[in-house]
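Let me begin by presenting the structure, written as structure tokens, before commenting on it.
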Amino acid sequence: MKITDVEVVYLKLPTIDASKCDGTQDTLMIRIHTDEGISGIGEIDSSPAVARAVVEASASHSIAIGLKELLLGEDPFDIERLWHKMFQGTLYFGRSGPALHAMSGIDIALWDIIGKATGRTAAQMLGGVYRDKVKAYASLLMPDTIKEAAALAERYIGLGYQAIKFGWGPFGKDDKFDVEAIRTLRTVIGDDVDLMIDIGHTWDAQQAIRMSRKFEEFNVFWIEEPLPPDDHAGYAALADASDIYIAAGEQESGRLAYERLIRDAHLDILQPDLGRCGGLTEAKKIAYMAYDKNKKVVPHAFKTGILVAASTQFVASMPHGFLLEYTVSESTLARHLVRNPVKFENGYVHLPDRPGLGIEIDPEVEAKYKA
Ligand code: MG
């Protein structure tokens, strides 16, 4: 089998509100075609225009080559060698950031091809299925008021979610607001639902330690990204001082970055995004590295049903997989780009039994939102 084309599809809603940290307003889809008529789908979470350039760039010299040029004519089954070829071929502008993001979408599409060609799920091809359903947490942006948040929490608990996260928006700017929000949310969702909070990089270590002590009484399951991504010393001080799990990692790409998050930042929970960290191939290495250190991995995912499917395949095939992020964004791209999304029921997503990622793109949605 040979790769004949790497198609990049930029999809976006008619208007984008860039003041919100909402990644479901646009996306960059990858479709890899082969000479045997099988094509694979992947998704990139990056700046779409920047990541597209990484794929389509013409060669400049031996370590500055666009990904498409590196892949044409290659066998998709050579997935490890192709990852290495892409990493080496983009070394001059890559090693992390947009080059790894673009590689991620391509890697997901290659796993989709391999699954389809063998008639097996991506999870089976990643090494085997540990569980065929995975707890999915409702992931919401924090609205401006606690009242609105309480109403949303009630709604999603009513839909069966057993774990919920609110993030960004007003969080991290007013200690009293944050504590009151957590107190109210805990009351609304009851004692048995996991509650997580995503602060969005606004604190320093001392403030985070103080706040984590206040959150302990409300049994917060994790505090996410309270500090800037590079404040490893701050994270280490916080994680050492707090009984609440400290989570981060959606900003990183490549396994060496996650090794640093464990070694230097003492994180409890790593959150690689499959559309950013280097794809399923790299995420598997990150997951086993974390497993060996007895650390948890919960993939970040705030895009479309493509990333939900990839994340479900990933968590199903990891020995310590137990949870995934499930955006409840009402964006048409998040809800309808995939025609047959991963099934959600009573707080769990179910691993599809169809080959590859197990999903199909709705051609009408693709055509309508193609930028
Ligand atoms: Mg986050």
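Within each chain, counting starts at residue 1; across the structure tokens, chains are named A, B, ... in the order shown, with ligands numbered 1 upward in that order.
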Kindly provide, as a PyMOL selection string, all nucleotide and amino acid residues lying within 12 Å of ligand 1, counting only C-alpha atoms and all ligand atoms. chain A and resi 21-23+139-142+165-169+196-201+222-229+246-252+269-273+298-302+325-327
Can you tell me, as a ChimeraX atom specification, which residues in region 76-316 of chain A count as strand (DSSP E) by DSSP? /A:133-141,163-167,194-198,222-224,245-248,269-270,296-297
Would you save the residues of that selection, restricted to N, CA, C and O atoms, as a short mmCIF file (atom, residue, chain, number, x, y, z; two decimals), in the first residue's frame?
data_model
loop_
_atom_site.label_atom_id
_atom_site.label_comp_id
_atom_site.auth_asym_id
_atom_site.auth_seq_id
_atom_site.Cartn_x
_atom_site.Cartn_y
_atom_site.Cartn_z
N LYS A 133 -15.56 0.34 27.20
CA LYS A 133 -16.22 1.63 27.46
C LYS A 133 -15.36 2.42 28.44
O LYS A 133 -14.65 1.85 29.27
N VAL A 134 -15.41 3.73 28.29
CA VAL A 134 -14.53 4.61 29.05
C VAL A 134 -15.35 5.77 29.62
O VAL A 134 -16.16 6.37 28.90
N LYS A 135 -15.13 6.06 30.90
CA LYS A 135 -15.79 7.21 31.51
C LYS A 135 -15.37 8.49 30.80
O LYS A 135 -14.18 8.67 30.50
N ALA A 136 -16.35 9.33 30.49
CA ALA A 136 -16.08 10.58 29.76
C ALA A 136 -16.57 11.75 30.60
O ALA A 136 -17.71 11.75 31.06
N TYR A 137 -15.69 12.71 30.82
CA TYR A 137 -16.14 13.84 31.62
C TYR A 137 -16.64 14.99 30.75
O TYR A 137 -16.07 15.27 29.71
N ALA A 138 -17.74 15.61 31.20
CA ALA A 138 -18.27 16.78 30.51
C ALA A 138 -17.32 17.93 30.71
O ALA A 138 -17.02 18.31 31.84
N SER A 139 -16.82 18.48 29.62
CA SER A 139 -15.84 19.56 29.69
C SER A 139 -16.49 20.86 29.23
O SER A 139 -16.91 20.97 28.08
N LEU A 140 -16.58 21.80 30.15
CA LEU A 140 -17.28 23.05 29.85
C LEU A 140 -16.40 24.27 30.13
O LEU A 140 -15.59 24.27 31.06
N LEU A 141 -16.61 25.32 29.32
CA LEU A 141 -16.00 26.60 29.63
C LEU A 141 -16.79 27.23 30.77
O LEU A 141 -18.02 27.17 30.78
N ALA A 163 -18.70 12.83 35.79
CA ALA A 163 -17.52 13.67 36.02
C ALA A 163 -17.70 14.93 35.19
O ALA A 163 -18.20 14.87 34.06
N ILE A 164 -17.31 16.07 35.76
CA ILE A 164 -17.54 17.34 35.06
C ILE A 164 -16.40 18.31 35.37
O ILE A 164 -15.86 18.32 36.47
N LYS A 165 -16.03 19.08 34.34
CA LYS A 165 -14.96 20.06 34.53
C LYS A 165 -15.42 21.41 34.00
O LYS A 165 -16.00 21.48 32.91
N PHE A 166 -15.14 22.45 34.77
CA PHE A 166 -15.33 23.82 34.29
C PHE A 166 -13.96 24.48 34.19
O PHE A 166 -13.11 24.28 35.07
N GLY A 167 -13.76 25.29 33.14
CA GLY A 167 -12.45 25.88 32.98
C GLY A 167 -12.44 27.24 32.31
O GLY A 167 -13.40 27.64 31.66
N ASP A 194 -17.31 13.31 39.99
CA ASP A 194 -15.97 13.93 40.01
C ASP A 194 -16.06 15.36 39.51
O ASP A 194 -16.69 15.63 38.48
N LEU A 195 -15.38 16.26 40.22
CA LEU A 195 -15.38 17.68 39.85
C LEU A 195 -13.95 18.14 39.61
O LEU A 195 -13.07 17.94 40.45
N MET A 196 -13.74 18.72 38.44
CA MET A 196 -12.41 19.23 38.11
C MET A 196 -12.50 20.72 37.76
O MET A 196 -13.54 21.20 37.29
N ILE A 197 -11.39 21.41 37.95
CA ILE A 197 -11.37 22.85 37.66
C ILE A 197 -10.09 23.17 36.87
O ILE A 197 -9.00 22.71 37.21
N ASP A 198 -10.29 23.94 35.78
CA ASP A 198 -9.18 24.31 34.90
C ASP A 198 -8.96 25.82 35.04
O ASP A 198 -9.81 26.61 34.62
N TRP A 222 -9.21 17.13 40.34
CA TRP A 222 -7.93 17.70 39.93
C TRP A 222 -8.04 19.20 39.69
O TRP A 222 -9.10 19.72 39.40
N ILE A 223 -6.90 19.86 39.86
CA ILE A 223 -6.74 21.26 39.45
C ILE A 223 -5.86 21.25 38.20
O ILE A 223 -4.76 20.70 38.21
N GLU A 224 -6.39 21.87 37.13
CA GLU A 224 -5.70 21.81 35.84
C GLU A 224 -5.05 23.14 35.50
O GLU A 224 -5.67 24.19 35.65
N TYR A 245 -5.00 16.15 42.99
CA TYR A 245 -4.17 15.88 41.81
C TYR A 245 -3.94 17.17 41.02
O TYR A 245 -4.86 17.97 40.85
N ILE A 246 -2.73 17.34 40.54
CA ILE A 246 -2.39 18.47 39.68
C ILE A 246 -2.22 17.93 38.25
O ILE A 246 -1.46 16.98 38.03
N ALA A 247 -2.96 18.55 37.32
CA ALA A 247 -2.99 18.07 35.94
C ALA A 247 -2.51 19.15 34.98
O ALA A 247 -2.80 20.33 35.17
N ALA A 248 -1.80 18.75 33.94
CA ALA A 248 -1.38 19.66 32.87
C ALA A 248 -0.80 18.84 31.72
O ALA A 248 -0.68 17.63 31.83
N ILE A 269 -1.18 14.03 36.85
CA ILE A 269 -1.98 13.62 35.69
C ILE A 269 -1.46 14.34 34.45
O ILE A 269 -1.39 15.57 34.42
N LEU A 270 -1.09 13.56 33.43
CA LEU A 270 -0.64 14.12 32.16
C LEU A 270 -1.83 14.18 31.21
O LEU A 270 -2.63 13.24 31.17
N LYS A 296 -1.04 9.17 36.17
CA LYS A 296 -2.25 9.00 35.37
C LYS A 296 -2.15 9.78 34.05
O LYS A 296 -1.43 10.78 33.97
N VAL A 297 -2.89 9.31 33.06
CA VAL A 297 -2.98 9.98 31.77
C VAL A 297 -4.45 10.13 31.39
O VAL A 297 -5.18 9.14 31.36
#
If we count only C-alpha atoms and set the cut-off at 8 Å, which residues sit around Val54 (chain A), ignoring sequence neighbours fewer than 5 positions away in its own chain? Please answer as a list in words.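 Counting only the stated atoms, we get Gly66, Leu67, Pro98, Ala99 and Ala102 of chain A.
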Using all heavy atoms, can you write the selected residues to a file as a compact mmCIF listing (two decimals), in the first residue's frame?
# COMPACT_ATOMS: atom_id res chain seq x y z
N GLY A 66 8.28 19.86 4.00
CA GLY A 66 6.86 19.72 4.34
C GLY A 66 6.48 18.25 4.51
O GLY A 66 7.06 17.36 3.89
N LEU A 67 5.48 18.00 5.37
CA LEU A 67 5.14 16.61 5.71
C LEU A 67 4.59 15.84 4.52
O LEU A 67 4.86 14.65 4.36
CB LEU A 67 4.12 16.60 6.86
CG LEU A 67 4.61 17.21 8.18
CD1 LEU A 67 3.50 17.17 9.23
CD2 LEU A 67 5.85 16.48 8.70
N PRO A 98 3.86 23.52 16.20
CA PRO A 98 3.03 23.22 15.03
C PRO A 98 3.48 22.01 14.22
O PRO A 98 2.65 21.30 13.66
CB PRO A 98 3.14 24.50 14.19
CG PRO A 98 3.45 25.57 15.17
CD PRO A 98 4.26 24.93 16.26
N ALA A 99 4.78 21.76 14.13
CA ALA A 99 5.24 20.60 13.35
C ALA A 99 4.74 19.30 14.00
O ALA A 99 4.26 18.39 13.32
CB ALA A 99 6.77 20.59 13.25
N ALA A 102 0.91 19.01 13.50
CA ALA A 102 0.57 18.52 12.16
C ALA A 102 0.89 17.02 12.04
O ALA A 102 0.11 16.25 11.47
CB ALA A 102 1.33 19.32 11.12
Just how far from CA of Tyr235 (chain A) is CA of Ala265 (chain A), in Å to one decimal?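 Spanning CA of Ala265 (chain A) to CA of Tyr235 (chain A) is a straight-line distance of 5.0 Å.
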Give me, as a PyMOL selection string, all polymer residues having an atom no more than 8 Å from Ile286 (chain A), counting only C-alpha atoms and skipping those fewer than 6 positions away in the same chain. chain A and resi 255+258-259
Length of the CA of Ser242 (chain A) to CA of Lys295 (chain A) vector [Å]: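 Result for CA of Ser242 (chain A) versus CA of Lys295 (chain A): 15.4 Å, one decimal.
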So, counting only C-alpha atoms, which residue among A:Met125, A:Ile306, A:Ile79, A:Val328 is closest to Val342 (chain A)?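 Ranked by minimum distance to Val342 (chain A), first place goes to A:Ile306.
Pairwise distance (CA of Arg52 (chain A), CA of Leu324 (chain A)) equals 26.8 Å.
Proximity ranking of A:Leu357, A:Ile65, A:Ala283, A:Ala257 relative to Ile113 (chain A) places A:Leu357 first, based on only C-alpha atoms.
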Residues within 7 Å of Pro355 (chain A), please, as number ranges by chain. Count only C-alpha atoms; anything in the same chain fewer than 5 positions from it doesn't count. A: 115-116, 119-122
Go through A:Phe215, A:Glu364, A:Ala316, A:Ala241 and flag the residue nearest Arg131 (chain A), using only C-alpha atoms for the distances.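 Under the stated criterion, the closest residue is A:Ala316.
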Can you work out which one of A:Asp112, A:Asp292, A:Glu69, A:Asp264 has the shortest atom-to-atom distance to Gly358 (chain A), counting only C-alpha atoms?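 Closest residue, counting only C-alpha atoms: A:Asp112.
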